[in-house]
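Here is final.pdb, consisting of PDB, C-alpha atoms:
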MODEL        1
ATOM      1  CA  MET A  50      31.561  -0.852  18.099
ATOM      2  CA  ARG A  51      30.885   2.486  16.463
ATOM      3  CA  PRO A  52      27.891   2.694  14.099
ATOM      4  CA  ILE A  53      28.478   2.826  10.386
ATOM      5  CA  THR A  54      28.201   6.392   9.208
ATOM      6  CA  VAL A  55      26.017   7.277   6.263
ATOM      7  CA  THR A  56      25.845  10.889   5.190
ATOM      8  CA  LEU A  57      23.183  12.269   2.908
ATOM      9  CA  ILE A  58      23.373  15.797   1.646
ATOM     10  CA  LEU A  59      20.074  16.746   0.081
ATOM     11  CA  ALA A  60      21.525  19.733  -1.711
ATOM     12  CA  ALA A  61      24.558  21.937  -1.545
ATOM     13  CA  CYS A  62      24.118  25.151   0.397
ATOM     14  CA  ALA A  63      25.412  27.483  -2.269
ATOM     15  CA  LEU A  64      23.770  30.318  -4.151
ATOM     16  CA  THR A  65      23.207  29.660  -7.821
ATOM     17  CA  SER A  66      23.435  32.275 -10.535
ATOM     18  CA  LEU A  67      20.034  31.234 -11.895
ATOM     19  CA  SER A  68      17.869  31.328  -8.774
ATOM     20  CA  GLY A  69      19.941  33.372  -6.355
ATOM     21  CA  ARG A  70      18.828  31.014  -3.554
ATOM     22  CA  ALA A  71      20.580  28.275  -1.642
ATOM     23  CA  ALA A  72      19.102  24.849  -0.855
ATOM     24  CA  ASP A  73      18.935  23.559   2.699
ATOM     25  CA  ARG A  74      21.258  20.871   3.993
ATOM     26  CA  VAL A  75      20.455  17.911   6.235
ATOM     27  CA  VAL A  76      23.052  15.355   7.297
ATOM     28  CA  ILE A  77      22.192  12.043   8.967
ATOM     29  CA  GLN A  78      24.782   9.696  10.440
ATOM     30  CA  GLY A  79      24.599   6.179  11.822
ATOM     31  CA  ILE A  80      21.843   4.469   9.844
ATOM     32  CA  GLU A  81      21.488   2.560   6.601
ATOM     33  CA  LYS A  82      20.231   4.269   3.471
ATOM     34  CA  ASP A  83      16.794   2.641   3.391
ATOM     35  CA  ILE A  84      16.061   3.734   6.960
ATOM     36  CA  GLU A  85      17.606   7.125   6.251
ATOM     37  CA  ALA A  86      15.149   7.669   3.413
ATOM     38  CA  GLY A  87      12.275   6.901   5.772
ATOM     39  CA  VAL A  88      13.582   9.355   8.362
ATOM     40  CA  LEU A  89      13.874  12.115   5.761
ATOM     41  CA  ALA A  90      10.282  11.467   4.704
ATOM     42  CA  TYR A  91       9.163  12.186   8.293
ATOM     43  CA  LEU A  92      11.252  15.331   8.724
ATOM     44  CA  SER A  93       9.313  18.545   8.152
ATOM     45  CA  LEU A  94      12.638  20.379   8.564
ATOM     46  CA  ASP A  95      13.794  18.801   5.323
ATOM     47  CA  GLU A  96      11.242  20.869   3.393
ATOM     48  CA  LEU A  97      12.474  24.292   4.510
ATOM     49  CA  PRO A  98      14.672  26.350   2.156
ATOM     50  CA  CYS A  99      17.746  28.271   3.206
ATOM     51  CA  THR A 100      15.742  31.485   2.935
ATOM     52  CA  ALA A 101      13.203  30.369   5.561
ATOM     53  CA  PRO A 102      12.961  32.683   8.619
ATOM     54  CA  ARG A 103      15.248  31.678  11.460
ATOM     55  CA  TRP A 104      12.360  31.135  13.889
ATOM     56  CA  TRP A 105      10.761  28.753  11.394
ATOM     57  CA  VAL A 106      13.918  26.675  11.063
ATOM     58  CA  ASP A 107      14.383  26.663  14.861
ATOM     59  CA  ARG A 108      10.838  25.413  15.321
ATOM     60  CA  GLY A 109      11.348  22.689  12.698
ATOM     61  CA  HIS A 110      14.544  21.614  14.398
ATOM     62  CA  LYS A 111      12.804  21.338  17.781
ATOM     63  CA  LYS A 112      10.195  19.058  16.237
ATOM     64  CA  ALA A 113      12.814  17.014  14.411
ATOM     65  CA  ARG A 114      13.815  14.699  17.278
ATOM     66  CA  SER A 115      10.258  13.449  17.795
ATOM     67  CA  GLU A 116       9.811  13.039  14.049
ATOM     68  CA  VAL A 117      13.044  11.072  13.768
ATOM     69  CA  ARG A 118      12.008   8.862  16.690
ATOM     70  CA  ALA A 119       8.602   8.175  15.113
ATOM     71  CA  ALA A 120      10.294   7.208  11.853
ATOM     72  CA  LEU A 121      12.723   4.853  13.608
ATOM     73  CA  GLU A 122       9.908   3.223  15.575
ATOM     74  CA  SER A 123       8.122   2.436  12.321
ATOM     75  CA  TYR A 124      11.178   0.347  11.449
ATOM     76  CA  GLY A 125      11.081  -1.410  14.813
ATOM     77  CA  TYR A 126      13.739   0.610  16.638
ATOM     78  CA  TYR A 127      12.299   1.829  19.940
ATOM     79  CA  GLN A 128      15.595   2.135  21.844
ATOM     80  CA  SER A 129      17.390   4.629  19.609
ATOM     81  CA  GLU A 130      19.686   7.398  20.835
ATOM     82  CA  ILE A 131      19.326  10.585  18.792
ATOM     83  CA  GLY A 132      21.695  13.518  18.801
ATOM     84  CA  SER A 133      21.102  16.698  16.830
ATOM     85  CA  SER A 134      22.627  20.101  16.190
ATOM     86  CA  LEU A 135      21.767  23.149  14.113
ATOM     87  CA  GLU A 136      24.342  25.549  12.687
ATOM     88  CA  TRP A 137      23.890  28.796  10.823
ATOM     89  CA  GLN A 138      26.371  29.300   8.019
ATOM     90  CA  GLU A 139      26.880  32.271   5.748
ATOM     91  CA  GLU A 140      24.615  31.057   2.963
ATOM     92  CA  CYS A 141      22.423  28.482   4.658
ATOM     93  CA  TRP A 142      21.640  26.557   7.829
ATOM     94  CA  ARG A 143      22.796  22.993   8.418
ATOM     95  CA  ALA A 144      21.161  20.316  10.581
ATOM     96  CA  ASP A 145      23.113  17.260  11.720
ATOM     97  CA  PHE A 146      21.599  14.139  13.251
ATOM     98  CA  SER A 147      23.593  11.291  14.777
ATOM     99  CA  ILE A 148      21.699   8.092  15.499
ATOM    100  CA  GLU A 149      22.498   4.918  17.397
ATOM    101  CA  LEU A 150      19.729   2.505  16.580
ATOM    102  CA  GLY A 151      20.078   0.081  19.460
ATOM    103  CA  GLU A 152      18.461  -3.354  19.349
ATOM    104  CA  PRO A 153      15.266  -3.626  17.306
ATOM    105  CA  VAL A 154      11.943  -4.775  18.713
ATOM    106  CA  ARG A 155      11.335  -8.411  17.842
ATOM    107  CA  ILE A 156       8.048 -10.217  17.532
ATOM    108  CA  ASN A 157       7.247 -12.311  20.584
ATOM    109  CA  ARG A 158       3.838 -13.561  19.488
ATOM    110  CA  ALA A 159       1.659 -13.039  16.428
ATOM    111  CA  ILE A 160      -1.939 -14.269  16.398
ATOM    112  CA  MET A 161      -3.484 -13.956  12.937
ATOM    113  CA  THR A 162      -6.856 -15.514  12.163
ATOM    114  CA  ALA A 163      -9.772 -15.234   9.765
ATOM    115  CA  ALA A 164     -13.214 -16.522  10.683
ATOM    116  CA  SER A 165     -14.859 -19.269   8.615
ATOM    117  CA  PRO A 166     -15.841 -19.596   5.870
ATOM    118  CA  LEU A 167     -13.237 -17.041   4.732
ATOM    119  CA  GLY A 168     -10.609 -18.651   6.952
ATOM    120  CA  ASP A 169     -11.133 -21.973   5.157
ATOM    121  CA  GLU A 170     -10.330 -20.534   1.738
ATOM    122  CA  PRO A 171      -6.980 -21.813   0.370
ATOM    123  CA  GLY A 172      -5.949 -18.289  -0.589
ATOM    124  CA  MET A 173      -6.423 -16.998   2.946
ATOM    125  CA  GLN A 174      -4.670 -19.996   4.476
ATOM    126  CA  ALA A 175      -1.688 -19.377   2.181
ATOM    127  CA  ILE A 176      -1.452 -15.710   3.195
ATOM    128  CA  LEU A 177      -1.464 -16.645   6.878
ATOM    129  CA  ALA A 178       1.049 -19.473   6.410
ATOM    130  CA  GLU A 179       3.471 -17.284   4.435
ATOM    131  CA  SER A 180       3.302 -14.337   6.816
ATOM    132  CA  LYS A 181       6.529 -12.487   7.633
ATOM    133  CA  LEU A 182       5.325 -11.742  11.146
ATOM    134  CA  GLU A 183       6.678 -14.898  12.733
ATOM    135  CA  SER A 184       8.163 -14.972  16.225
ATOM    136  CA  GLY A 185      11.746 -13.697  16.451
ATOM    137  CA  ARG A 186      11.621 -11.509  13.355
ATOM    138  CA  ARG A 187      12.256  -7.780  13.641
ATOM    139  CA  PHE A 188       8.944  -5.964  13.920
ATOM    140  CA  THR A 189       8.145  -3.194  11.462
ATOM    141  CA  HIS A 190       4.879  -1.357  11.021
ATOM    142  CA  ASP A 191       5.136  -1.803   7.251
ATOM    143  CA  ARG A 192       5.071  -5.600   7.544
ATOM    144  CA  TYR A 193       2.161  -5.422   9.961
ATOM    145  CA  GLU A 194       0.097  -3.154   7.692
ATOM    146  CA  ASN A 195       1.058  -5.204   4.634
ATOM    147  CA  GLN A 196      -0.227  -8.367   6.305
ATOM    148  CA  LYS A 197      -3.583  -6.705   6.968
ATOM    149  CA  ARG A 198      -3.750  -5.391   3.414
ATOM    150  CA  GLN A 199      -3.024  -8.840   1.934
ATOM    151  CA  MET A 200      -5.746 -10.439   4.048
ATOM    152  CA  LEU A 201      -8.299  -7.875   2.915
ATOM    153  CA  ASP A 202      -7.207  -8.241  -0.716
ATOM    154  CA  VAL A 203      -7.805 -11.994  -0.583
ATOM    155  CA  ALA A 204     -11.203 -11.479   1.044
ATOM    156  CA  GLU A 205     -12.326  -8.989  -1.599
ATOM    157  CA  SER A 206     -10.990 -11.082  -4.481
ATOM    158  CA  LEU A 207     -13.243 -13.946  -3.323
ATOM    159  CA  GLY A 208     -16.354 -11.835  -2.877
ATOM    160  CA  TYR A 209     -16.254 -11.307   0.890
ATOM    161  CA  PHE A 210     -17.068  -7.647   0.465
ATOM    162  CA  ASP A 211     -18.158  -7.110   4.069
ATOM    163  CA  ALA A 212     -14.847  -8.324   5.525
ATOM    164  CA  ALA A 213     -13.603  -6.203   8.428
ATOM    165  CA  PHE A 214     -11.031  -6.519  11.198
ATOM    166  CA  GLN A 215     -12.620  -7.189  14.566
ATOM    167  CA  GLN A 216      -9.215  -7.064  16.243
ATOM    168  CA  HIS A 217      -5.970  -5.520  15.056
ATOM    169  CA  HIS A 218      -3.487  -4.138  17.512
ATOM    170  CA  VAL A 219       0.192  -4.139  18.428
ATOM    171  CA  SER A 220       1.488  -4.192  21.987
ATOM    172  CA  ILE A 221       5.107  -3.066  22.444
ATOM    173  CA  ASP A 222       6.987  -3.911  25.631
ATOM    174  CA  PRO A 223       9.811  -1.319  25.760
ATOM    175  CA  GLN A 224      11.547  -3.124  28.625
ATOM    176  CA  LEU A 225      11.719  -6.505  26.923
ATOM    177  CA  ASN A 226      11.934  -4.952  23.446
ATOM    178  CA  THR A 227       9.220  -7.273  22.158
ATOM    179  CA  ALA A 228       5.949  -6.938  20.252
ATOM    180  CA  ASP A 229       2.735  -8.957  20.514
ATOM    181  CA  LEU A 230       0.426  -8.758  17.494
ATOM    182  CA  THR A 231      -3.215  -9.664  17.078
ATOM    183  CA  ILE A 232      -5.108  -9.643  13.776
ATOM    184  CA  HIS A 233      -8.569 -11.177  13.429
ATOM    185  CA  LEU A 234     -10.609 -10.780  10.248
ATOM    186  CA  GLU A 235     -14.342 -11.444  10.050
ATOM    187  CA  GLY A 236     -15.282 -12.224   6.461
ATOM    188  CA  GLY A 237     -19.043 -12.349   6.644
ATOM    189  CA  GLU A 238     -20.946 -13.880   3.738
ATOM    190  CA  ARG A 239     -19.449 -14.586   0.341
ATOM    191  CA  TYR A 240     -21.379 -12.704  -2.321
ATOM    192  CA  ARG A 241     -22.839 -14.327  -5.403
ATOM    193  CA  ILE A 242     -23.242 -12.694  -8.786
ATOM    194  CA  GLY A 243     -26.684 -11.205  -9.382
ATOM    195  CA  ASN A 244     -27.542  -9.513 -12.660
ATOM    196  CA  LEU A 245     -25.009  -8.999 -15.420
ATOM    197  CA  ASP A 246     -25.368  -5.413 -16.609
ATOM    198  CA  ILE A 247     -23.778  -5.719 -20.055
ATOM    199  CA  LYS A 248     -23.040  -2.703 -22.227
ATOM    200  CA  GLN A 249     -21.616  -3.568 -25.665
ATOM    201  CA  ASP A 250     -22.769  -3.337 -29.274
ATOM    202  CA  ALA A 251     -20.220  -5.345 -31.254
ATOM    203  CA  LEU A 252     -21.800  -8.799 -31.012
ATOM    204  CA  ARG A 253     -25.233 -10.333 -30.724
ATOM    205  CA  PRO A 254     -25.992 -11.300 -27.105
ATOM    206  CA  GLN A 255     -25.847 -15.040 -27.877
ATOM    207  CA  LEU A 256     -22.334 -14.727 -29.301
ATOM    208  CA  PHE A 257     -21.166 -12.334 -26.595
ATOM    209  CA  ASP A 258     -22.246 -14.790 -23.911
ATOM    210  CA  ARG A 259     -19.764 -17.343 -25.273
ATOM    211  CA  TYR A 260     -16.926 -15.191 -23.960
ATOM    212  CA  LEU A 261     -18.312 -15.077 -20.434
ATOM    213  CA  THR A 262     -16.785 -17.427 -17.867
ATOM    214  CA  LEU A 263     -19.292 -16.409 -15.188
ATOM    215  CA  LYS A 264     -23.035 -16.376 -14.785
ATOM    216  CA  PRO A 265     -25.663 -15.197 -12.301
ATOM    217  CA  GLY A 266     -25.650 -17.278  -9.156
ATOM    218  CA  ASP A 267     -21.922 -18.049  -9.242
ATOM    219  CA  PRO A 268     -19.823 -17.085  -6.209
ATOM    220  CA  TYR A 269     -17.967 -13.876  -7.056
ATOM    221  CA  SER A 270     -14.294 -14.337  -7.874
ATOM    222  CA  SER A 271     -11.888 -11.790  -9.301
ATOM    223  CA  SER A 272     -10.065 -14.690 -10.969
ATOM    224  CA  THR A 273     -13.189 -15.686 -12.923
ATOM    225  CA  SER A 274     -13.863 -12.052 -13.796
ATOM    226  CA  GLY A 275     -10.272 -11.768 -14.954
ATOM    227  CA  ASN A 276     -10.721 -14.741 -17.285
ATOM    228  CA  THR A 277     -13.739 -13.080 -18.888
ATOM    229  CA  TYR A 278     -11.801  -9.826 -19.203
ATOM    230  CA  THR A 279      -8.956 -11.618 -21.004
ATOM    231  CA  ARG A 280     -11.255 -13.539 -23.328
ATOM    232  CA  LEU A 281     -13.075 -10.381 -24.394
ATOM    233  CA  LEU A 282      -9.860  -8.495 -25.115
ATOM    234  CA  GLU A 283      -8.328 -11.418 -26.986
ATOM    235  CA  SER A 284     -11.449 -11.762 -29.116
ATOM    236  CA  GLY A 285     -10.270  -8.784 -31.135
ATOM    237  CA  TYR A 286     -13.688  -7.152 -31.087
ATOM    238  CA  TYR A 287     -12.954  -4.808 -28.190
ATOM    239  CA  ASP A 288     -10.121  -2.498 -27.274
ATOM    240  CA  ARG A 289     -11.519  -1.543 -23.873
ATOM    241  CA  VAL A 290     -13.122  -3.876 -21.357
ATOM    242  CA  ALA A 291     -14.195  -3.214 -17.782
ATOM    243  CA  LEU A 292     -15.724  -5.644 -15.279
ATOM    244  CA  TYR A 293     -16.518  -4.588 -11.743
ATOM    245  CA  PRO A 294     -19.015  -5.468  -9.008
ATOM    246  CA  ASP A 295     -21.620  -2.845  -8.133
ATOM    247  CA  LEU A 296     -20.636  -2.718  -4.467
ATOM    248  CA  ASP A 297     -22.727   0.327  -3.631
ATOM    249  CA  ASN A 298     -25.933  -1.582  -4.354
ATOM    250  CA  ARG A 299     -25.050  -5.035  -3.017
ATOM    251  CA  SER A 300     -27.551  -6.649  -0.679
ATOM    252  CA  ASP A 301     -28.630 -10.024   0.746
ATOM    253  CA  GLY A 302     -25.423 -11.729  -0.364
ATOM    254  CA  VAL A 303     -25.909 -10.712  -4.012
ATOM    255  CA  VAL A 304     -23.883  -8.241  -6.064
ATOM    256  CA  ASP A 305     -24.578  -7.206  -9.662
ATOM    257  CA  LEU A 306     -21.690  -7.200 -12.106
ATOM    258  CA  GLN A 307     -21.069  -4.370 -14.552
ATOM    259  CA  VAL A 308     -19.608  -5.516 -17.884
ATOM    260  CA  GLN A 309     -18.589  -2.808 -20.343
ATOM    261  CA  ALA A 310     -16.874  -3.535 -23.655
ATOM    262  CA  THR A 311     -16.002  -0.894 -26.239
ATOM    263  CA  ALA A 312     -15.522  -1.952 -29.843
ATOM    264  CA  GLY A 313     -11.954  -1.864 -31.113
ATOM    265  CA  PRO A 314     -10.189  -1.382 -34.470
ATOM    266  CA  ARG A 315     -10.894  -4.931 -35.674
ATOM    267  CA  ARG A 316     -14.651  -4.362 -35.607
ATOM    268  CA  ASN A 317     -14.318  -1.099 -37.483
ATOM    269  CA  THR A 318     -12.209  -2.784 -40.161
ATOM    270  CA  LEU A 319     -14.737  -5.587 -40.613
ATOM    271  CA  ILE A 320     -17.566  -3.098 -41.051
ATOM    272  CA  GLY A 321     -15.567  -1.195 -43.632
ATOM    273  CA  ALA A 322     -14.940  -4.387 -45.559
ATOM    274  CA  GLY A 323     -18.601  -5.299 -45.556
ATOM    275  CA  TYR A 324     -18.446  -8.249 -43.140
ATOM    276  CA  ALA A 325     -20.932  -8.869 -40.366
ATOM    277  CA  THR A 326     -19.512  -7.949 -36.988
ATOM    278  CA  ASP A 327     -20.745 -11.114 -35.275
ATOM    279  CA  THR A 328     -19.296 -13.775 -37.579
TER     280      THR A 328
ENDMDL
END
Can I see the file as structure tokens?
Amino acid sequence: MRPITVTLILAACALTSLSGRAADRVVIQGIEKDIEAGVLAYLSLDELPCTAPRWWVDRGHKKARSEVRAALESYGYYQSEIGSSLEWQEECWRADFSIELGEPVRINRAIMTAASPLGDEPGMQAILAESKLESGRRFTHDRYENQKRQMLDVAESLGYFDAAFQQHHVSIDPQLNTADLTIHLEGGERYRIGNLDIKQDALRPQLFDRYLTLKPGDPYSSSTSGNTYTRLLESGYYDRVALYPDLDNRSDGVVDLQVQATAGPRRNTLIGAGYATDT
């Protein structure tokens, strides 16, 4: 069965009256548009104009096959056949690539773990259970990197700021066309909130504290911080609010929290009308 042909012309190779220059032309056949876009992103040849020196274009074309192969491998295609040609036309050069993808690499085994206590967190267990790296699925580097990113995001959102991967590697068997994956995340200690460094001048401290849904000694959670952020904005006293842990100075399982709130229009209106800003 012949591959479906998809042709993408980046720009027509014709001189324009405005610039007097022609754009380069690259044509790719045999792959779907989403993969084609990824291949074009890898191609340094794609960036050269029609006016580029011939030796420069020749050099880019020689590099193109390895760049195309690297792009296809990122999508899980390690058995691709790549054909290419370069023609010099009157106004511009033209590069053609024909690709037969072959069978994709499929996941044979995926071992993904997070050490306790991080591994016992419901959020981490959900990320591992919902992973798209299950056996039999086509392997792509994007899915692999996305899985790692999601695991780290969960760790940081729960205050495991020292989380780091102790193992993360992919083993491709080109003969069997399979991939074995290993990801192991060490979370370390969950940080607790230390001092609250509050910068605001719209309310008395006792009234401001009523909007806080966190306090020193609590385990850090971006969800709890988010609740405080929402409450402060919805109070109407502030138009800008920022909450963030002082990660550079964390130590001994404790991290200080910076809370900054800038007074908004409502406060200014109340002052103008003669009302107290904290009532």
Using only C-alpha atoms, what table do you get, as a Markdown table, when you list each residue of region 190-283 of chain A with an atom no more than 9 Å from region 157-180 of chain A, its nearest pair of atoms, and their distance in Å rounded to one decimal, rows by chain then rising number?
| residue | atom | partner | partner_atom | distance |
| --- | --- | --- | --- | --- |
| A:Arg192 | CA | A:Ser180 | CA | 8.9 |
| A:Gln196 | CA | A:Ser180 | CA | 7.0 |
| A:Gln199 | CA | A:Ile176 | CA | 7.2 |
| A:Met200 | CA | A:Met173 | CA | 6.7 |
| A:Val203 | CA | A:Met173 | CA | 6.3 |
| A:Ala204 | CA | A:Leu167 | CA | 7.0 |
| A:Leu207 | CA | A:Leu167 | CA | 8.6 |
| A:Tyr209 | CA | A:Leu167 | CA | 7.5 |
| A:Ala212 | CA | A:Leu167 | CA | 8.9 |
| A:Phe214 | CA | A:Ala163 | CA | 8.9 |
| A:Thr227 | CA | A:Asn157 | CA | 5.6 |
| A:Ala228 | CA | A:Asn157 | CA | 5.5 |
| A:Asp229 | CA | A:Arg158 | CA | 4.8 |
| A:Leu230 | CA | A:Ala159 | CA | 4.6 |
| A:Thr231 | CA | A:Ile160 | CA | 4.8 |
| A:Ile232 | CA | A:Met161 | CA | 4.7 |
| A:His233 | CA | A:Thr162 | CA | 4.8 |
| A:Leu234 | CA | A:Ala163 | CA | 4.6 |
| A:Glu235 | CA | A:Ala164 | CA | 5.2 |
| A:Gly236 | CA | A:Leu167 | CA | 5.5 |
| A:Gly237 | CA | A:Leu167 | CA | 7.7 |
| A:Glu238 | CA | A:Pro166 | CA | 8.0 |
| A:Arg239 | CA | A:Leu167 | CA | 8.0 |
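Going from CA of Asp246 (chain A) to CA of Asn298 (chain A) covers 12.9 Å.
For the pair CA of Leu261 (chain A) and CA of Gly243 (chain A), the interatomic distance is 14.4 Å.
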>> With all atoms listed in the file as the counted atoms, please give the residues lying no more than 7 Å from Val304 (chain A), apart from itself and same-chain residues fewer than 2 positions off, as a list in words.
In response: Tyr240, Arg241, Ile242, Gly243, Pro294, Asp295, Leu296, Arg299, Ser300, Gly302 and Leu306 of chain A
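Between CA of Asp107 (chain A) and CA of Gly79 (chain A) the interatomic distance comes to 23.1 Å.
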>> List as a list in words the protein and nucleic acid residues near Glu152 (chain A), meaning an atom at most 12 Å away when all atoms listed in the file are counted, but skip any in the same chain fewer than 6 places from it.
In response: Leu121, Glu122, Tyr124, Gly125, Tyr126, Tyr127, Gln128, Ser129, Glu130, Arg187, Phe188, Pro223, Gln224, Leu225, Asn226 and Thr227 of chain A
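With only C-alpha atoms as the atoms that count, the minimum distance from Tyr278 (chain A) to the choices A:Ile156, A:Ala120, A:Ala144, A:Val308 is reached by A:Val308.
Counting all atoms listed in the file and comparing A:Gly132, A:Asn244, A:Glu85, A:Glu140, the residue that lies closest to Pro98 (chain A) is A:Glu140.
For the structure in this document, the set picked by the PyMOL selection byres ((chain A and resi 262) around 9) is Asp258, Arg259, Tyr260, Leu261, Leu263, Lys264, Thr273, Ser274, Asn276, Thr277 and Arg280 of chain A.
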Kindly export the residues of the current selection with C-alpha atoms, as a PDB file, in the frame of the given file.
ATOM      1  CA  ASP A 258     -22.246 -14.790 -23.911  1.00  0.00           C
ATOM      2  CA  ARG A 259     -19.764 -17.343 -25.273  1.00  0.00           C
ATOM      3  CA  TYR A 260     -16.926 -15.191 -23.960  1.00  0.00           C
ATOM      4  CA  LEU A 261     -18.312 -15.077 -20.434  1.00  0.00           C
ATOM      5  CA  LEU A 263     -19.292 -16.409 -15.188  1.00  0.00           C
ATOM      6  CA  LYS A 264     -23.035 -16.376 -14.785  1.00  0.00           C
ATOM      7  CA  THR A 273     -13.189 -15.686 -12.923  1.00  0.00           C
ATOM      8  CA  SER A 274     -13.863 -12.052 -13.796  1.00  0.00           C
ATOM      9  CA  ASN A 276     -10.721 -14.741 -17.285  1.00  0.00           C
ATOM     10  CA  THR A 277     -13.739 -13.080 -18.888  1.00  0.00           C
ATOM     11  CA  ARG A 280     -11.255 -13.539 -23.328  1.00  0.00           C
TER      12      ARG A 280
END
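For the choices A:Lys181, A:Ser123, A:Ser284, A:Ile148, the atom-to-atom distance to Val219 (chain A) is smallest for A:Ser123 when using all atoms listed in the file.
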